[in-house]
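Here is structure-v4.pdb, consisting of PDB, C-alpha atoms:
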```pdb
MODEL        1
ATOM      1  CA  MET Y  87     214.286   8.638 163.980
ATOM      2  CA  ASN Y  88     212.129   5.519 163.511
ATOM      3  CA  THR Y  89     208.474   5.750 162.576
ATOM      4  CA  TYR Y  90     206.264   2.850 163.645
ATOM      5  CA  LEU Y  91     203.305   1.920 161.477
ATOM      6  CA  VAL Y  92     200.459  -0.544 161.917
ATOM      7  CA  GLY Y  93     198.535  -2.148 159.106
ATOM      8  CA  GLN Y  94     194.909  -3.126 158.808
ATOM      9  CA  TYR Y  95     192.210  -3.572 156.207
ATOM     10  CA  ARG Y  96     189.901  -0.551 155.908
ATOM     11  CA  PHE Y  97     186.508  -1.674 154.645
ATOM     12  CA  PRO Y  98     185.255   1.766 153.475
ATOM     13  CA  LEU Y  99     188.315   2.004 151.210
ATOM     14  CA  GLU Y 100     188.334  -1.702 150.325
ATOM     15  CA  ALA Y 101     192.092  -1.557 150.806
ATOM     16  CA  TYR Y 102     194.854  -2.457 153.230
ATOM     17  CA  SER Y 103     196.358   0.598 154.914
ATOM     18  CA  TRP Y 104     199.626   1.301 156.769
ATOM     19  CA  GLU Y 105     199.014   3.991 159.401
ATOM     20  CA  ILE Y 106     200.527   5.589 162.458
ATOM     21  CA  PRO Y 107     199.189   4.012 165.666
ATOM     22  CA  GLU Y 108     195.896   5.684 166.394
ATOM     23  CA  GLY Y 109     192.666   5.330 168.281
ATOM     24  CA  GLY Y 110     190.021   7.096 170.229
ATOM     25  CA  GLY Y 111     188.860   7.407 173.768
ATOM     26  CA  SER Y 112     185.865   8.582 175.711
ATOM     27  CA  PHE Y 113     185.411  12.223 176.617
ATOM     28  CA  ASP Y 114     186.487  11.356 180.170
ATOM     29  CA  ASP Y 115     189.892  10.052 178.999
ATOM     30  CA  GLU Y 116     192.898  12.320 178.804
ATOM     31  CA  PRO Y 117     194.175  12.373 175.184
ATOM     32  CA  LEU Y 118     197.720  11.517 176.267
ATOM     33  CA  ASP Y 119     196.484   8.485 178.238
ATOM     34  CA  THR Y 120     194.628   7.327 175.123
ATOM     35  CA  ALA Y 121     197.758   7.782 172.979
ATOM     36  CA  LYS Y 122     199.834   5.758 175.444
ATOM     37  CA  ARG Y 123     197.265   2.959 175.514
ATOM     38  CA  GLU Y 124     197.006   2.803 171.707
ATOM     39  CA  LEU Y 125     200.787   2.743 171.235
ATOM     40  CA  LEU Y 126     201.094  -0.219 173.615
ATOM     41  CA  GLU Y 127     198.068  -2.066 172.184
ATOM     42  CA  GLU Y 128     199.100  -1.685 168.571
ATOM     43  CA  THR Y 129     202.916  -1.890 168.693
ATOM     44  CA  GLY Y 130     204.010  -3.204 172.080
ATOM     45  CA  LEU Y 131     205.950   0.013 172.701
ATOM     46  CA  VAL Y 132     206.002   2.220 175.794
ATOM     47  CA  ALA Y 133     207.352   5.748 175.406
ATOM     48  CA  HIS Y 134     208.896   7.580 178.340
ATOM     49  CA  SER Y 135     208.812  11.019 176.724
ATOM     50  CA  TRP Y 136     205.807  12.538 174.950
ATOM     51  CA  LYS Y 137     205.446  15.812 173.064
ATOM     52  CA  PRO Y 138     202.194  17.196 171.589
ATOM     53  CA  LEU Y 139     202.800  17.996 167.916
ATOM     54  CA  LEU Y 140     199.577  18.846 166.175
ATOM     55  CA  GLN Y 141     195.822  19.295 166.526
ATOM     56  CA  MET Y 142     193.658  18.720 163.436
ATOM     57  CA  HIS Y 143     190.003  18.568 162.398
ATOM     58  CA  LEU Y 144     189.983  15.638 159.971
ATOM     59  CA  SER Y 145     186.329  15.702 158.884
ATOM     60  CA  ASN Y 146     185.273  19.248 159.625
ATOM     61  CA  SER Y 147     182.477  19.231 157.051
ATOM     62  CA  VAL Y 148     180.607  16.485 158.921
ATOM     63  CA  SER Y 149     182.080  16.304 162.441
ATOM     64  CA  ASP Y 150     183.660  18.382 165.186
ATOM     65  CA  GLU Y 151     186.041  15.516 166.027
ATOM     66  CA  VAL Y 152     189.566  16.619 166.894
ATOM     67  CA  ALA Y 153     192.686  14.571 166.161
ATOM     68  CA  LEU Y 154     195.730  15.066 168.375
ATOM     69  CA  VAL Y 155     199.191  13.924 167.264
ATOM     70  CA  PHE Y 156     201.967  13.177 169.754
ATOM     71  CA  LEU Y 157     205.652  12.428 169.302
ATOM     72  CA  ALA Y 158     206.668   9.440 171.443
ATOM     73  CA  ARG Y 159     210.358   9.191 172.342
ATOM     74  CA  ASN Y 160     212.627   7.083 174.543
ATOM     75  CA  ARG Y 161     210.728   3.928 173.723
ATOM     76  CA  SER Y 162     211.034   0.481 175.231
ATOM     77  CA  SER Y 163     209.421  -2.743 174.067
ATOM     78  CA  MET Y 164     206.851  -4.770 175.947
ATOM     79  CA  PRO Y 165     204.587  -7.557 174.778
ATOM     80  CA  PRO Y 166     201.732  -5.989 172.765
ATOM     81  CA  CYS Y 167     198.446  -5.819 174.648
ATOM     82  CA  PRO Y 168     195.891  -5.976 171.846
ATOM     83  CA  ARG Y 169     192.203  -6.088 172.536
ATOM     84  CA  LYS Y 170     190.776  -9.429 171.441
ATOM     85  CA  ARG Y 171     189.678  -8.134 168.017
ATOM     86  CA  LYS Y 172     192.720  -5.922 167.478
ATOM     87  CA  ILE Y 173     195.800  -7.864 166.438
ATOM     88  CA  LEU Y 174     197.646  -5.714 163.917
ATOM     89  CA  PRO Y 175     200.865  -6.297 162.035
ATOM     90  CA  SER Y 176     203.388  -3.577 162.746
ATOM     91  CA  GLY Y 177     206.746  -2.452 161.453
ATOM     92  CA  ASN Y 178     209.078   0.482 161.590
ATOM     93  CA  CYS Y 179     211.065   2.475 159.096
ATOM     94  CA  LEU Y 180     213.350   5.442 159.255
ATOM     95  CA  LEU Y 181     211.484   8.726 158.848
ATOM     96  CA  PRO Y 182     213.708   9.878 155.956
ATOM     97  CA  LYS Y 183     212.970   6.636 154.111
ATOM     98  CA  LEU Y 184     209.231   7.090 154.671
ATOM     99  CA  THR Y 185     209.096  10.744 153.631
ATOM    100  CA  GLY Y 186     211.956  10.930 151.135
ATOM    101  CA  TRP Y 187     213.770  13.527 153.302
TER     102      TRP Y 187
ENDMDL
END
```
Please rewrite the model in this file as structure tokens.
Amino acid sequence: MNTYLVGQYRFPLEAYSWEIPEGGGSFDDEPLDTAKRELLEETGLVAHSWKPLLQMHLSNSVSDEVALVFLARNRSSMPPCPRKRKILPSGNCLLPKLTGW
């Protein structure tokens, strides 16, 4: 199983960070639609099968924000569709290599 990561500089950390594709949407957006849009914008991938994996509260001491994690399968490549300010390097690695499994 491949894991796709995107990299960008995070100013609060003063460091470059490799991360899973992520992003937010308005309250009117369906979370899955947001996940699909972010995957395409950041990696140029379209997944044809999606599975909800996890719901987390990442900053529960200061926010009620909820993070939803999806597993995207049966992927195909398209040209990335980044927003003008969002051109991120991306790469993939095998999940066992990433986690040491």
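Reported to one decimal place, the separation of CA of Val155 in chain Y from CA of Leu139 in chain Y is 5.5 Å.
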Residues at most 12 Å from Ala153 in chain Y, counting all atoms listed in the file, excluding those fewer than 3 positions away in the same chain, as a compact mmCIF listing (two decimals) with C-alpha atoms, in the frame of the given file?
```txt
# COMPACT_ATOMS: atom_id res chain seq x y z
CA GLU Y 108 195.90 5.68 166.39
CA GLY Y 109 192.67 5.33 168.28
CA GLY Y 110 190.02 7.10 170.23
CA GLY Y 111 188.86 7.41 173.77
CA PRO Y 117 194.18 12.37 175.18
CA LEU Y 118 197.72 11.52 176.27
CA THR Y 120 194.63 7.33 175.12
CA ALA Y 121 197.76 7.78 172.98
CA PRO Y 138 202.19 17.20 171.59
CA LEU Y 139 202.80 18.00 167.92
CA LEU Y 140 199.58 18.85 166.18
CA GLN Y 141 195.82 19.30 166.53
CA MET Y 142 193.66 18.72 163.44
CA HIS Y 143 190.00 18.57 162.40
CA LEU Y 144 189.98 15.64 159.97
CA SER Y 145 186.33 15.70 158.88
CA ASN Y 146 185.27 19.25 159.62
CA SER Y 149 182.08 16.30 162.44
CA ASP Y 150 183.66 18.38 165.19
CA PHE Y 156 201.97 13.18 169.75
```
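Between Tyr90 in chain Y and the residues Y:Ser135, Y:Asp115, Y:Met164, Y:Leu125, the shortest atom-to-atom distance, using all atoms listed in the file, involves Y:Leu125.
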Please identify all polymer residues within 6 Å of range 128-134 of chain Y, counting all atoms listed in the file, omitting same-chain residues fewer than 3 positions from it, and present them as number ranges by chain.
Y: 124-125, 158-166
Shortest interatomic distance to Glu151 in chain Y - which of Y:Ser112, Y:Lys137, Y:Leu126, Y:Gly93, counting all atoms listed in the file:
Y:Ser112
